[in-house]
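**Student:** For reference, this is query-v3.pdb, and it has PDB, C-alpha atoms and all ligand atoms.
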```pdb
MODEL        1
ATOM      1  CA  MET K1485       0.000   0.000   0.000  1.00  0.00           C
ATOM      2  CA  HIS K1486       1.464   3.327  -1.078  1.00  0.00           C
ATOM      3  CA  ASP K1487       0.531   6.643   0.478  1.00  0.00           C
ATOM      4  CA  ALA K1488       0.395   8.305  -2.939  1.00  0.00           C
ATOM      5  CA  LEU K1489       0.017   6.760  -6.374  1.00  0.00           C
ATOM      6  CA  VAL K1490       0.722   9.226  -9.177  1.00  0.00           C
ATOM      7  CA  ILE K1491      -0.606   8.181 -12.588  1.00  0.00           C
ATOM      8  CA  GLY K1492       1.319   9.971 -15.346  1.00  0.00           C
ATOM      9  CA  GLY K1493       4.945  11.068 -15.205  1.00  0.00           C
ATOM     10  CA  GLY K1494       4.881  14.298 -17.194  1.00  0.00           C
ATOM     11  CA  VAL K1495       5.763  17.582 -15.531  1.00  0.00           C
ATOM     12  CA  ALA K1496       2.496  17.752 -13.554  1.00  0.00           C
ATOM     13  CA  GLY K1497       2.776  14.230 -12.139  1.00  0.00           C
ATOM     14  CA  LEU K1498       6.475  14.533 -11.379  1.00  0.00           C
ATOM     15  CA  GLN K1499       5.966  17.833  -9.555  1.00  0.00           C
ATOM     16  CA  ALA K1500       3.135  16.335  -7.482  1.00  0.00           C
ATOM     17  CA  ALA K1501       5.360  13.346  -6.677  1.00  0.00           C
ATOM     18  CA  VAL K1502       8.266  15.577  -5.641  1.00  0.00           C
ATOM     19  CA  PHE K1503       6.021  17.164  -3.010  1.00  0.00           C
ATOM     20  CA  THR K1504       4.525  13.914  -1.696  1.00  0.00           C
ATOM     21  CA  ALA K1505       7.868  12.086  -1.632  1.00  0.00           C
ATOM     22  CA  LYS K1506       9.674  15.052  -0.051  1.00  0.00           C
ATOM     23  CA  ALA K1507       6.972  15.139   2.646  1.00  0.00           C
ATOM     24  CA  GLY K1508       7.902  11.557   3.491  1.00  0.00           C
ATOM     25  CA  LEU K1509       4.909   9.877   1.862  1.00  0.00           C
ATOM     26  CA  ASP K1510       5.541   6.532   0.189  1.00  0.00           C
ATOM     27  CA  THR K1511       5.130   7.611  -3.441  1.00  0.00           C
ATOM     28  CA  LEU K1512       4.922   5.562  -6.633  1.00  0.00           C
ATOM     29  CA  VAL K1513       4.671   7.143 -10.097  1.00  0.00           C
ATOM     30  CA  LEU K1514       3.209   4.902 -12.833  1.00  0.00           C
ATOM     31  CA  SER K1515       3.814   6.303 -16.276  1.00  0.00           C
ATOM     32  CA  GLY K1516       3.531   4.761 -19.731  1.00  0.00           C
ATOM     33  CA  GLY K1517       4.427   6.763 -22.798  1.00  0.00           C
ATOM     34  CA  GLU K1518       6.375   9.924 -23.473  1.00  0.00           C
ATOM     35  CA  PRO K1519       5.372  13.179 -21.787  1.00  0.00           C
ATOM     36  CA  LEU K1520       4.146  15.880 -24.177  1.00  0.00           C
ATOM     37  CA  VAL K1521       6.832  18.296 -23.096  1.00  0.00           C
ATOM     38  CA  CYS K1522       9.475  16.019 -24.651  1.00  0.00           C
ATOM     39  CA  SER K1523       8.251  17.276 -28.057  1.00  0.00           C
ATOM     40  CA  THR K1524       9.975  20.594 -27.560  1.00  0.00           C
ATOM     41  CA  ASP K1525      13.589  21.550 -26.964  1.00  0.00           C
ATOM     42  CA  LYS K1526      13.040  25.249 -26.436  1.00  0.00           C
ATOM     43  CA  ILE K1527      10.721  26.229 -23.623  1.00  0.00           C
ATOM     44  CA  GLN K1528      11.381  29.921 -23.060  1.00  0.00           C
ATOM     45  CA  ASN K1529       8.594  30.987 -20.711  1.00  0.00           C
ATOM     46  CA  LEU K1530       9.902  29.683 -17.373  1.00  0.00           C
ATOM     47  CA  VAL K1531      11.305  32.199 -14.893  1.00  0.00           C
ATOM     48  CA  THR K1532      13.990  29.706 -13.899  1.00  0.00           C
ATOM     49  CA  HIS K1533      15.594  29.257 -17.318  1.00  0.00           C
ATOM     50  CA  GLU K1534      16.352  31.222 -20.438  1.00  0.00           C
ATOM     51  CA  ARG K1535      15.627  28.179 -22.532  1.00  0.00           C
ATOM     52  CA  LEU K1536      15.036  24.580 -21.585  1.00  0.00           C
ATOM     53  CA  ALA K1537      14.547  21.291 -23.409  1.00  0.00           C
ATOM     54  CA  GLY K1538      11.483  19.287 -22.354  1.00  0.00           C
ATOM     55  CA  GLU K1539      13.497  16.081 -22.074  1.00  0.00           C
ATOM     56  CA  ASP K1540      15.881  17.745 -19.620  1.00  0.00           C
ATOM     57  CA  LEU K1541      12.952  18.994 -17.581  1.00  0.00           C
ATOM     58  CA  VAL K1542      11.475  15.484 -17.338  1.00  0.00           C
ATOM     59  CA  GLU K1543      14.834  13.889 -16.577  1.00  0.00           C
ATOM     60  CA  THR K1544      15.499  16.383 -13.778  1.00  0.00           C
ATOM     61  CA  GLY K1545      11.996  15.813 -12.418  1.00  0.00           C
ATOM     62  CA  ARG K1546      12.504  12.083 -12.349  1.00  0.00           C
ATOM     63  CA  GLU K1547      15.810  12.499 -10.533  1.00  0.00           C
ATOM     64  CA  ARG K1548      14.173  14.771  -7.950  1.00  0.00           C
ATOM     65  CA  VAL K1549      11.376  12.257  -7.265  1.00  0.00           C
ATOM     66  CA  ARG K1550      13.927   9.486  -6.715  1.00  0.00           C
ATOM     67  CA  GLU K1551      16.192  11.693  -4.560  1.00  0.00           C
ATOM     68  CA  PHE K1552      13.299  12.100  -2.141  1.00  0.00           C
ATOM     69  CA  GLY K1553      12.635   8.370  -2.033  1.00  0.00           C
ATOM     70  CA  GLY K1554       9.833   8.158  -4.617  1.00  0.00           C
ATOM     71  CA  GLU K1555       9.703   5.327  -7.143  1.00  0.00           C
ATOM     72  CA  ILE K1556       8.886   5.494 -10.844  1.00  0.00           C
ATOM     73  CA  GLU K1557       7.715   2.537 -12.919  1.00  0.00           C
ATOM     74  CA  GLU K1558       7.123   2.538 -16.678  1.00  0.00           C
ATOM     75  CA  LYS K1559       3.589   1.169 -16.700  1.00  0.00           C
ATOM     76  CA  THR K1560       0.327   2.174 -18.327  1.00  0.00           C
ATOM     77  CA  VAL K1561      -2.683   2.126 -16.047  1.00  0.00           C
ATOM     78  CA  THR K1562      -5.799   0.506 -17.521  1.00  0.00           C
ATOM     79  CA  SER K1563      -8.210   1.007 -14.632  1.00  0.00           C
ATOM     80  CA  ILE K1564      -8.588   2.513 -11.190  1.00  0.00           C
ATOM     81  CA  THR K1565     -11.066   1.021  -8.760  1.00  0.00           C
ATOM     82  CA  ARG K1566     -11.941   1.845  -5.195  1.00  0.00           C
ATOM     83  CA  GLU K1567     -11.717  -0.766  -2.481  1.00  0.00           C
ATOM     84  CA  GLY K1568     -14.516  -0.125  -0.003  1.00  0.00           C
ATOM     85  CA  SER K1569     -16.416   3.073   0.532  1.00  0.00           C
ATOM     86  CA  PRO K1570     -14.524   5.252   1.077  1.00  0.00           C
ATOM     87  CA  GLY K1571     -11.393   3.194   0.746  1.00  0.00           C
ATOM     88  CA  PRO K1572      -8.000   3.027  -0.917  1.00  0.00           C
ATOM     89  CA  LEU K1573      -7.628   2.985  -4.678  1.00  0.00           C
ATOM     90  CA  ARG K1574      -6.259   0.185  -6.815  1.00  0.00           C
ATOM     91  CA  ALA K1575      -4.539   0.807 -10.143  1.00  0.00           C
ATOM     92  CA  THR K1576      -4.310  -2.094 -12.613  1.00  0.00           C
ATOM     93  CA  THR K1577      -1.725  -1.848 -15.391  1.00  0.00           C
ATOM     94  CA  GLU K1578      -1.400  -3.207 -18.928  1.00  0.00           C
ATOM     95  CA  SER K1579       0.964  -5.886 -17.596  1.00  0.00           C
ATOM     96  CA  ASP K1580      -1.734  -6.922 -15.061  1.00  0.00           C
ATOM     97  CA  THR K1581       0.169  -5.704 -12.030  1.00  0.00           C
ATOM     98  CA  THR K1582      -1.853  -3.937  -9.331  1.00  0.00           C
ATOM     99  CA  HIS K1583      -0.759  -1.091  -7.097  1.00  0.00           C
ATOM    100  CA  THR K1584      -2.786   0.271  -4.211  1.00  0.00           C
ATOM    101  CA  GLY K1585      -2.682   3.798  -2.853  1.00  0.00           C
ATOM    102  CA  GLU K1586      -4.347   5.679  -0.007  1.00  0.00           C
ATOM    103  CA  ALA K1587      -4.543   8.584  -2.442  1.00  0.00           C
ATOM    104  CA  VAL K1588      -4.132   8.999  -6.195  1.00  0.00           C
ATOM    105  CA  VAL K1589      -2.985  11.905  -8.364  1.00  0.00           C
ATOM    106  CA  VAL K1590      -4.162  11.603 -11.967  1.00  0.00           C
ATOM    107  CA  ALA K1591      -1.800  13.506 -14.289  1.00  0.00           C
ATOM    108  CA  THR K1592      -2.122  11.676 -17.602  1.00  0.00           C
ATOM    109  CA  ALA K1593      -3.249  14.656 -19.736  1.00  0.00           C
ATOM    110  CA  SER K1594      -5.524  12.594 -22.006  1.00  0.00           C
ATOM    111  CA  GLY K1595      -6.831   9.014 -22.242  1.00  0.00           C
ATOM    112  CA  LEU K1596      -9.013   9.228 -19.169  1.00  0.00           C
ATOM    113  CA  ASP K1597     -10.952   5.971 -19.882  1.00  0.00           C
ATOM    114  CA  PHE K1598      -9.077   4.171 -17.123  1.00  0.00           C
ATOM    115  CA  LEU K1599     -11.166   6.269 -14.714  1.00  0.00           C
ATOM    116  CA  ASP K1600     -14.439   4.666 -15.913  1.00  0.00           C
ATOM    117  CA  PRO K1601     -14.848   2.525 -12.772  1.00  0.00           C
ATOM    118  CA  LEU K1602     -15.016   5.766 -10.753  1.00  0.00           C
ATOM    119  CA  ASP K1603     -17.697   7.228 -13.034  1.00  0.00           C
ATOM    120  CA  ASP K1604     -20.194   7.567 -10.185  1.00  0.00           C
ATOM    121  CA  GLU K1605     -17.760   9.737  -8.266  1.00  0.00           C
ATOM    122  CA  LEU K1606     -16.250  11.908 -10.999  1.00  0.00           C
ATOM    123  CA  GLU K1607     -17.485  14.667 -13.273  1.00  0.00           C
ATOM    124  CA  PHE K1608     -15.960  15.474 -16.643  1.00  0.00           C
ATOM    125  CA  THR K1609     -16.047  18.612 -18.741  1.00  0.00           C
ATOM    126  CA  ASP K1610     -15.355  18.957 -22.443  1.00  0.00           C
ATOM    127  CA  GLY K1611     -12.042  20.505 -23.386  1.00  0.00           C
ATOM    128  CA  ARG K1612     -11.740  23.771 -25.280  1.00  0.00           C
ATOM    129  CA  GLU K1613     -11.413  23.762 -29.018  1.00  0.00           C
ATOM    130  CA  GLY K1614      -7.974  24.585 -30.371  1.00  0.00           C
ATOM    131  CA  GLN K1615      -4.637  23.199 -31.377  1.00  0.00           C
ATOM    132  CA  PHE K1616      -3.172  20.618 -28.972  1.00  0.00           C
ATOM    133  CA  THR K1617      -6.168  20.782 -26.604  1.00  0.00           C
ATOM    134  CA  MET K1618      -7.482  17.755 -24.692  1.00  0.00           C
ATOM    135  CA  GLU K1619     -10.934  16.240 -25.322  1.00  0.00           C
ATOM    136  CA  GLN K1620     -11.892  16.139 -21.670  1.00  0.00           C
ATOM    137  CA  HIS K1621     -10.888  17.296 -18.226  1.00  0.00           C
ATOM    138  CA  VAL K1622     -11.874  16.006 -14.795  1.00  0.00           C
ATOM    139  CA  GLU K1623     -13.736  18.511 -12.624  1.00  0.00           C
ATOM    140  CA  THR K1624     -12.028  19.406  -9.348  1.00  0.00           C
ATOM    141  CA  ASP K1625     -12.460  21.802  -6.470  1.00  0.00           C
ATOM    142  CA  GLU K1626      -9.989  24.634  -5.855  1.00  0.00           C
ATOM    143  CA  ALA K1627      -7.574  22.210  -4.175  1.00  0.00           C
ATOM    144  CA  ASN K1628      -7.445  19.810  -7.171  1.00  0.00           C
ATOM    145  CA  ARG K1629      -9.688  17.267  -5.418  1.00  0.00           C
ATOM    146  CA  ALA K1630     -12.014  15.357  -7.752  1.00  0.00           C
ATOM    147  CA  THR K1631     -13.403  12.937  -5.156  1.00  0.00           C
ATOM    148  CA  GLU K1632     -12.253  11.361  -1.889  1.00  0.00           C
ATOM    149  CA  ASN K1633      -8.436  11.002  -2.070  1.00  0.00           C
ATOM    150  CA  VAL K1634      -8.316  11.546  -5.847  1.00  0.00           C
ATOM    151  CA  TYR K1635      -6.514  14.640  -7.130  1.00  0.00           C
ATOM    152  CA  ILE K1636      -6.159  15.746 -10.747  1.00  0.00           C
ATOM    153  CA  ALA K1637      -3.228  17.728 -12.148  1.00  0.00           C
ATOM    154  CA  GLY K1638      -1.978  19.270 -15.370  1.00  0.00           C
ATOM    155  CA  LEU K1639      -3.812  18.851 -18.662  1.00  0.00           C
ATOM    156  CA  ALA K1640      -6.089  16.203 -17.142  1.00  0.00           C
ATOM    157  CA  ASN K1641      -7.453  19.072 -15.058  1.00  0.00           C
ATOM    158  CA  THR K1642      -7.108  22.257 -17.060  1.00  0.00           C
ATOM    159  CA  TRP K1643      -7.158  23.475 -20.658  1.00  0.00           C
ATOM    160  CA  GLU K1644      -4.291  25.899 -19.932  1.00  0.00           C
ATOM    161  CA  TYR K1645      -1.586  24.280 -21.964  1.00  0.00           C
ATOM    162  CA  GLN K1646       1.678  25.828 -20.798  1.00  0.00           C
ATOM    163  CA  THR K1647       4.378  23.843 -19.030  1.00  0.00           C
ATOM    164  CA  ALA K1648       4.520  26.293 -16.121  1.00  0.00           C
ATOM    165  CA  VAL K1649       0.769  25.866 -15.539  1.00  0.00           C
ATOM    166  CA  ALA K1650       1.118  22.070 -15.512  1.00  0.00           C
ATOM    167  CA  ILE K1651       4.011  22.254 -13.049  1.00  0.00           C
ATOM    168  CA  GLY K1652       2.071  24.621 -10.780  1.00  0.00           C
ATOM    169  CA  ASP K1653      -1.023  22.459 -10.962  1.00  0.00           C
ATOM    170  CA  GLY K1654       0.997  19.370 -10.040  1.00  0.00           C
ATOM    171  CA  ALA K1655       2.496  21.266  -7.119  1.00  0.00           C
ATOM    172  CA  LYS K1656      -0.972  22.247  -5.927  1.00  0.00           C
ATOM    173  CA  ALA K1657      -2.256  18.673  -6.131  1.00  0.00           C
ATOM    174  CA  GLY K1658       0.764  17.340  -4.219  1.00  0.00           C
ATOM    175  CA  VAL K1659       0.628  20.002  -1.510  1.00  0.00           C
ATOM    176  CA  ASN K1660      -3.115  19.569  -0.998  1.00  0.00           C
ATOM    177  CA  LEU K1661      -2.787  15.794  -0.842  1.00  0.00           C
ATOM    178  CA  VAL K1662      -0.198  16.133   1.946  1.00  0.00           C
ATOM    179  CA  SER K1663      -2.270  18.797   3.745  1.00  0.00           C
ATOM    180  CA  ASP K1664      -5.445  16.685   3.605  1.00  0.00           C
ATOM    181  CA  ARG K1665      -3.637  13.626   4.849  1.00  0.00           C
ATOM    182  CA  ARG K1666      -2.127  15.501   7.804  1.00  0.00           C
ATOM    183  CA  ASP K1667      -5.150  17.689   8.374  1.00  0.00           C
ATOM    184  CA  GLU K1668      -2.956  20.800   8.492  1.00  0.00           C
ATOM    185  CA  ALA K1669      -1.551  23.254   5.978  1.00  0.00           C
ATOM    186  CA  HIS K1670       1.584  21.658   4.543  1.00  0.00           C
ATOM    187  CA  VAL K1671       4.705  23.798   4.807  1.00  0.00           C
ATOM    188  CA  ASP K1672       7.708  22.865   2.693  1.00  0.00           C
ATOM    189  CA  HIS K1673      10.492  25.215   3.727  1.00  0.00           C
ATOM    190  CA  ASP K1674      14.090  24.111   3.442  1.00  0.00           C
ATOM    191  CA  TRP K1675      15.784  25.704   6.407  1.00  0.00           C
TER     192      TRP K1675
HETATM  193  C1  LIG K1701       4.917  19.979 -29.675  1.00  0.00           C
HETATM  194  C2  LIG K1701       4.716  20.612 -28.313  1.00  0.00           C
HETATM  195  C3  LIG K1701       5.418  21.762 -27.989  1.00  0.00           C
HETATM  196  C4  LIG K1701       5.211  22.381 -26.752  1.00  0.00           C
HETATM  197  N1  LIG K1701       5.910  23.505 -26.489  1.00  0.00           N
HETATM  198  C5  LIG K1701       5.699  24.148 -25.308  1.00  0.00           C
HETATM  199  C6  LIG K1701       6.432  25.355 -25.024  1.00  0.00           C
HETATM  200  O1  LIG K1701       7.247  25.801 -25.811  1.00  0.00           O
HETATM  201  N2  LIG K1701       6.156  25.994 -23.845  1.00  0.00           N
HETATM  202  C7  LIG K1701       5.230  25.512 -22.948  1.00  0.00           C
HETATM  203  O2  LIG K1701       5.025  26.122 -21.911  1.00  0.00           O
HETATM  204  N3  LIG K1701       4.559  24.361 -23.195  1.00  0.00           N
HETATM  205  C8  LIG K1701       4.761  23.686 -24.351  1.00  0.00           C
HETATM  206  N4  LIG K1701       4.066  22.523 -24.602  1.00  0.00           N
HETATM  207  C9  LIG K1701       3.019  22.093 -23.647  1.00  0.00           C
HETATM  208  C10 LIG K1701       3.523  21.202 -22.521  1.00  0.00           C
HETATM  209  O3  LIG K1701       4.197  20.125 -23.081  1.00  0.00           O
HETATM  210  C11 LIG K1701       2.355  20.714 -21.648  1.00  0.00           C
HETATM  211  O4  LIG K1701       1.728  21.801 -21.047  1.00  0.00           O
HETATM  212  C12 LIG K1701       2.782  19.811 -20.487  1.00  0.00           C
HETATM  213  O5  LIG K1701       3.688  18.864 -20.926  1.00  0.00           O
HETATM  214  C13 LIG K1701       1.593  19.104 -19.866  1.00  0.00           C
HETATM  215  O6  LIG K1701       2.063  18.281 -18.832  1.00  0.00           O
HETATM  216  P1  LIG K1701       1.194  17.104 -18.186  1.00  0.00           P
HETATM  217  O7  LIG K1701       2.055  16.544 -17.100  1.00  0.00           O
HETATM  218  O8  LIG K1701      -0.170  17.590 -17.859  1.00  0.00           O
HETATM  219  O9  LIG K1701       0.973  16.038 -19.370  1.00  0.00           O
HETATM  220  P2  LIG K1701       2.015  15.084 -20.125  1.00  0.00           P
HETATM  221  O10 LIG K1701       3.309  15.753 -20.307  1.00  0.00           O
HETATM  222  O11 LIG K1701       1.353  14.587 -21.344  1.00  0.00           O
HETATM  223  O12 LIG K1701       2.235  13.876 -19.123  1.00  0.00           O
HETATM  224  C14 LIG K1701       1.300  12.810 -18.996  1.00  0.00           C
HETATM  225  C15 LIG K1701       2.058  11.500 -18.944  1.00  0.00           C
HETATM  226  O13 LIG K1701       1.159  10.461 -18.555  1.00  0.00           O
HETATM  227  C16 LIG K1701       1.335   9.350 -19.435  1.00  0.00           C
HETATM  228  N5  LIG K1701       0.089   8.575 -19.458  1.00  0.00           N
HETATM  229  C17 LIG K1701      -1.030   8.804 -20.192  1.00  0.00           C
HETATM  230  N6  LIG K1701      -1.970   7.884 -19.920  1.00  0.00           N
HETATM  231  C18 LIG K1701      -1.428   7.048 -18.986  1.00  0.00           C
HETATM  232  C19 LIG K1701      -1.918   5.909 -18.298  1.00  0.00           C
HETATM  233  N7  LIG K1701      -3.152   5.425 -18.530  1.00  0.00           N
HETATM  234  N8  LIG K1701      -1.103   5.295 -17.389  1.00  0.00           N
HETATM  235  C20 LIG K1701       0.129   5.783 -17.143  1.00  0.00           C
HETATM  236  N9  LIG K1701       0.650   6.853 -17.772  1.00  0.00           N
HETATM  237  C21 LIG K1701      -0.122   7.490 -18.678  1.00  0.00           C
HETATM  238  C22 LIG K1701       1.670  10.005 -20.778  1.00  0.00           C
HETATM  239  O14 LIG K1701       2.244   9.092 -21.672  1.00  0.00           O
HETATM  240  C23 LIG K1701       2.638  11.091 -20.305  1.00  0.00           C
HETATM  241  O15 LIG K1701       3.922  10.589 -20.129  1.00  0.00           O
HETATM  242  C24 LIG K1701       4.291  21.860 -25.813  1.00  0.00           C
HETATM  243  C25 LIG K1701       3.604  20.674 -26.132  1.00  0.00           C
HETATM  244  C26 LIG K1701       3.811  20.052 -27.376  1.00  0.00           C
HETATM  245  C27 LIG K1701       3.055  18.797 -27.673  1.00  0.00           C
ENDMDL
END
```
Represent the structure contained in this file as structure tokens.
**Tutor:**
Amino acid sequence: MHDALVIGGGVAGLQAAVFTAKAGLDTLVLSGGEPLVCSTDKIQNLVTHERLAGEDLVETGRERVREFGGEIEEKTVTSITREGSPGPLRATTESDTTHTGEAVVVATASGLDFLDPLDDELEFTDGREGQFTMEQHVETDEANRATENVYIAGLANTWEYQTAVAIGDGAKAGVNLVSDRRDEAHVDHDW
């Protein structure tokens, strides 16, 4: 049983996992397929860099997750079910492995069919029309919560397409997951 299962290892999922792992939560990232940001080698809108390649961003993110004790497995999730009511969540993968988490962050951008078993609990909205936009997003509250112990981050949550937005949204999901679990505002100061 993991404290936090993160489905999707793009920038949003990795940022969420950095926060949960750094807070000491047992964190597993399941990610199958290449993150969208790897399609570009010249992101120029981040305050931290003049110019950055998406692949470098993902590689650094993966290193950060592991530095804080998180694990990353290359696996595509085919379904998420809930055990009990309310209870932990079980992710089944293409290779038929199962992974259980007290809480889940969904950060897969598109391909949200694996959430079908939670249909009764989730609401979806249509995406905006435009280049590169997603077909659907999962509705959340202001703290990225979609239902009990399920958080949504990045393009799975919002039509705003920029890398910085996805990173910020992942951060918000991770911080709120930790805060909810501890029932106090999570502070992450390195002093
Ligand atoms: C060509 C291109 C150029 C871009 N250029 C810029 C730019 O210059 N500046 C900028 O700010 N933004 C740019 N972006 C946008 C940026 O890439 C996205 O905003 C950002 O990557 C979204 O991050 P995400 O984590 O939400 O999704 P993603 O990066 O797509 O991450 C989701 C991950 O989850 C995986 N996944 C999906 N389904 C499953 C499943 N069922 N189980 C497990 N894993 C799954 C996916 O394969 C992927 O690895 C560009 C995007 C593209 C495509």
**Student:** For Arg1550 in chain K, work out the shell of residues within 12 Å, counting all atoms listed in the file and skipping chain neighbours fewer than 5 positions away, then give it as a compact mmCIF listing (two decimals) with C-alpha atoms, in the coordinates of the input.
**Tutor:**
```txt
# COMPACT_ATOMS: atom_id res chain seq x y z
CA LEU K 1498 6.48 14.53 -11.38
CA GLN K 1499 5.97 17.83 -9.56
CA ALA K 1501 5.36 13.35 -6.68
CA VAL K 1502 8.27 15.58 -5.64
CA PHE K 1503 6.02 17.16 -3.01
CA THR K 1504 4.53 13.91 -1.70
CA ALA K 1505 7.87 12.09 -1.63
CA LYS K 1506 9.67 15.05 -0.05
CA ASP K 1510 5.54 6.53 0.19
CA THR K 1511 5.13 7.61 -3.44
CA LEU K 1512 4.92 5.56 -6.63
CA VAL K 1513 4.67 7.14 -10.10
CA GLU K 1543 14.83 13.89 -16.58
CA THR K 1544 15.50 16.38 -13.78
CA GLY K 1545 12.00 15.81 -12.42
CA GLU K 1555 9.70 5.33 -7.14
CA ILE K 1556 8.89 5.49 -10.84
CA GLU K 1557 7.72 2.54 -12.92
```
**Student:** Within 8 Å of ligand LIG 1701 (chain K), counting all atoms listed in the file, which protein or nucleic acid residues do you find, written as a compact mmCIF listing (two decimals) with C-alpha atoms, in the coordinates of the input?
**Tutor:**
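Saved the output as result_10.txt:
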```txt
# COMPACT_ATOMS: atom_id res chain seq x y z
CA ILE K 1491 -0.61 8.18 -12.59
CA GLY K 1492 1.32 9.97 -15.35
CA GLY K 1493 4.94 11.07 -15.20
CA GLY K 1494 4.88 14.30 -17.19
CA VAL K 1495 5.76 17.58 -15.53
CA ALA K 1496 2.50 17.75 -13.55
CA GLY K 1497 2.78 14.23 -12.14
CA LEU K 1498 6.48 14.53 -11.38
CA LEU K 1514 3.21 4.90 -12.83
CA SER K 1515 3.81 6.30 -16.28
CA GLY K 1516 3.53 4.76 -19.73
CA GLY K 1517 4.43 6.76 -22.80
CA GLU K 1518 6.38 9.92 -23.47
CA PRO K 1519 5.37 13.18 -21.79
CA LEU K 1520 4.15 15.88 -24.18
CA VAL K 1521 6.83 18.30 -23.10
CA CYS K 1522 9.48 16.02 -24.65
CA SER K 1523 8.25 17.28 -28.06
CA THR K 1524 9.98 20.59 -27.56
CA ASP K 1525 13.59 21.55 -26.96
CA LYS K 1526 13.04 25.25 -26.44
CA ILE K 1527 10.72 26.23 -23.62
CA GLN K 1528 11.38 29.92 -23.06
CA ASN K 1529 8.59 30.99 -20.71
CA LEU K 1530 9.90 29.68 -17.37
CA GLY K 1538 11.48 19.29 -22.35
CA GLU K 1558 7.12 2.54 -16.68
CA LYS K 1559 3.59 1.17 -16.70
CA THR K 1560 0.33 2.17 -18.33
CA VAL K 1561 -2.68 2.13 -16.05
CA THR K 1562 -5.80 0.51 -17.52
CA SER K 1563 -8.21 1.01 -14.63
CA THR K 1577 -1.72 -1.85 -15.39
CA ALA K 1591 -1.80 13.51 -14.29
CA THR K 1592 -2.12 11.68 -17.60
CA ALA K 1593 -3.25 14.66 -19.74
CA SER K 1594 -5.52 12.59 -22.01
CA GLY K 1595 -6.83 9.01 -22.24
CA LEU K 1596 -9.01 9.23 -19.17
CA ASP K 1597 -10.95 5.97 -19.88
CA PHE K 1598 -9.08 4.17 -17.12
CA PHE K 1616 -3.17 20.62 -28.97
CA ALA K 1637 -3.23 17.73 -12.15
CA GLY K 1638 -1.98 19.27 -15.37
CA LEU K 1639 -3.81 18.85 -18.66
CA ALA K 1640 -6.09 16.20 -17.14
CA ASN K 1641 -7.45 19.07 -15.06
CA GLU K 1644 -4.29 25.90 -19.93
CA TYR K 1645 -1.59 24.28 -21.96
CA GLN K 1646 1.68 25.83 -20.80
CA THR K 1647 4.38 23.84 -19.03
CA ALA K 1648 4.52 26.29 -16.12
CA VAL K 1649 0.77 25.87 -15.54
CA ALA K 1650 1.12 22.07 -15.51
CA ILE K 1651 4.01 22.25 -13.05
CA GLY K 1654 1.00 19.37 -10.04
```
**Student:** Rank nothing, just name the residue among K:Gly1508, K:Gly1658, K:Gly1652, K:Gly1568 nearest to Val1490 in chain K, using all atoms listed in the file.
**Tutor:**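 Smallest distance to Val1490 in chain K is found for K:Gly1658.
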**Student:** From the set K:Val1662, K:Ala1655, K:Ala1587, K:Leu1599, which residue has the shortest atom-to-atom contact distance to Glu1632 in chain K, counting all atoms listed in the file?
**Tutor:**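 Among the listed residues, K:Ala1587 lies closest to Glu1632 in chain K.
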**Student:** Report, in Å to a single decimal, how far apart CA of Ala1627 in chain K and CA of Glu1668 in chain K are.
**Tutor:**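 Distance reported for this atom pair: 13.6 Å.
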**Student:** Any idea what the distance is between CA of Ala1630 in chain K and CA of Asn1660 in chain K?
**Tutor:**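 Interatomic distance, CA of Ala1630 in chain K to CA of Asn1660 in chain K: 11.9 Å.
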**Student:** What gap, in Å, lies between CA of Thr1631 in chain K and CA of Arg1546 in chain K?
**Tutor:** 26.9 Å
**Student:** Could you state which residues are captured by the PyMOL selection byres (((chain K and resi 1602-1606) around 8) and not hetatm) in this file, as a VMD selection string?
**Tutor:** chain K and resid 1564 to 1566 1599 to 1601 1607 to 1608 1622 to 1623 1630 to 1631
**Student:** What's around Val1634 in chain K at 10 Å? Count only C-alpha atoms, leave out sequence neighbours fewer than 4 positions away in its own chain, and write the answer as a PyMOL selection string.
**Tutor:** chain K and resi 1488-1490+1572-1573+1586-1590+1605-1606+1624+1628-1630+1657+1661
**Student:** Write a file of the selected residues as an mmCIF file, in the coordinates of the input, keeping C-alpha atoms.
**Tutor:**
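In the end it all went to result26.cif:
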```cif
data_model
loop_
_atom_site.group_PDB
_atom_site.id
_atom_site.type_symbol
_atom_site.label_atom_id
_atom_site.label_comp_id
_atom_site.auth_asym_id
_atom_site.auth_seq_id
_atom_site.Cartn_x
_atom_site.Cartn_y
_atom_site.Cartn_z
ATOM 1 C CA ALA K 1488 0.395 8.305 -2.939
ATOM 2 C CA LEU K 1489 0.017 6.760 -6.374
ATOM 3 C CA VAL K 1490 0.722 9.226 -9.177
ATOM 4 C CA PRO K 1572 -8.000 3.027 -0.917
ATOM 5 C CA LEU K 1573 -7.628 2.985 -4.678
ATOM 6 C CA GLU K 1586 -4.347 5.679 -0.007
ATOM 7 C CA ALA K 1587 -4.543 8.584 -2.442
ATOM 8 C CA VAL K 1588 -4.132 8.999 -6.195
ATOM 9 C CA VAL K 1589 -2.985 11.905 -8.364
ATOM 10 C CA VAL K 1590 -4.162 11.603 -11.967
ATOM 11 C CA GLU K 1605 -17.760 9.737 -8.266
ATOM 12 C CA LEU K 1606 -16.250 11.908 -10.999
ATOM 13 C CA THR K 1624 -12.028 19.406 -9.348
ATOM 14 C CA ASN K 1628 -7.445 19.810 -7.171
ATOM 15 C CA ARG K 1629 -9.688 17.267 -5.418
ATOM 16 C CA ALA K 1630 -12.014 15.357 -7.752
ATOM 17 C CA ALA K 1657 -2.256 18.673 -6.131
ATOM 18 C CA LEU K 1661 -2.787 15.794 -0.842
#
```
**Student:** So, counting all atoms listed in the file, which residue among K:Asp1610, K:Asp1540, K:Asp1653, K:Asp1667 is closest to Ile1636 in chain K?
**Tutor:**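 Distance minimum relative to Ile1636 in chain K lands on K:Asp1653.
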**Student:** Box for range 1551-1562 of chain K: with edges along x, y and z, all listed atoms inside and 5 Å added on each side, what are the centre and edge lengths in Å to one decimal, as lines of an AutoDock Vina configuration file?
**Tutor:**
```
center_x = 5.2
center_y = 6.3
center_z = -10.2
size_x = 32.0
size_y = 21.6
size_z = 26.3
```
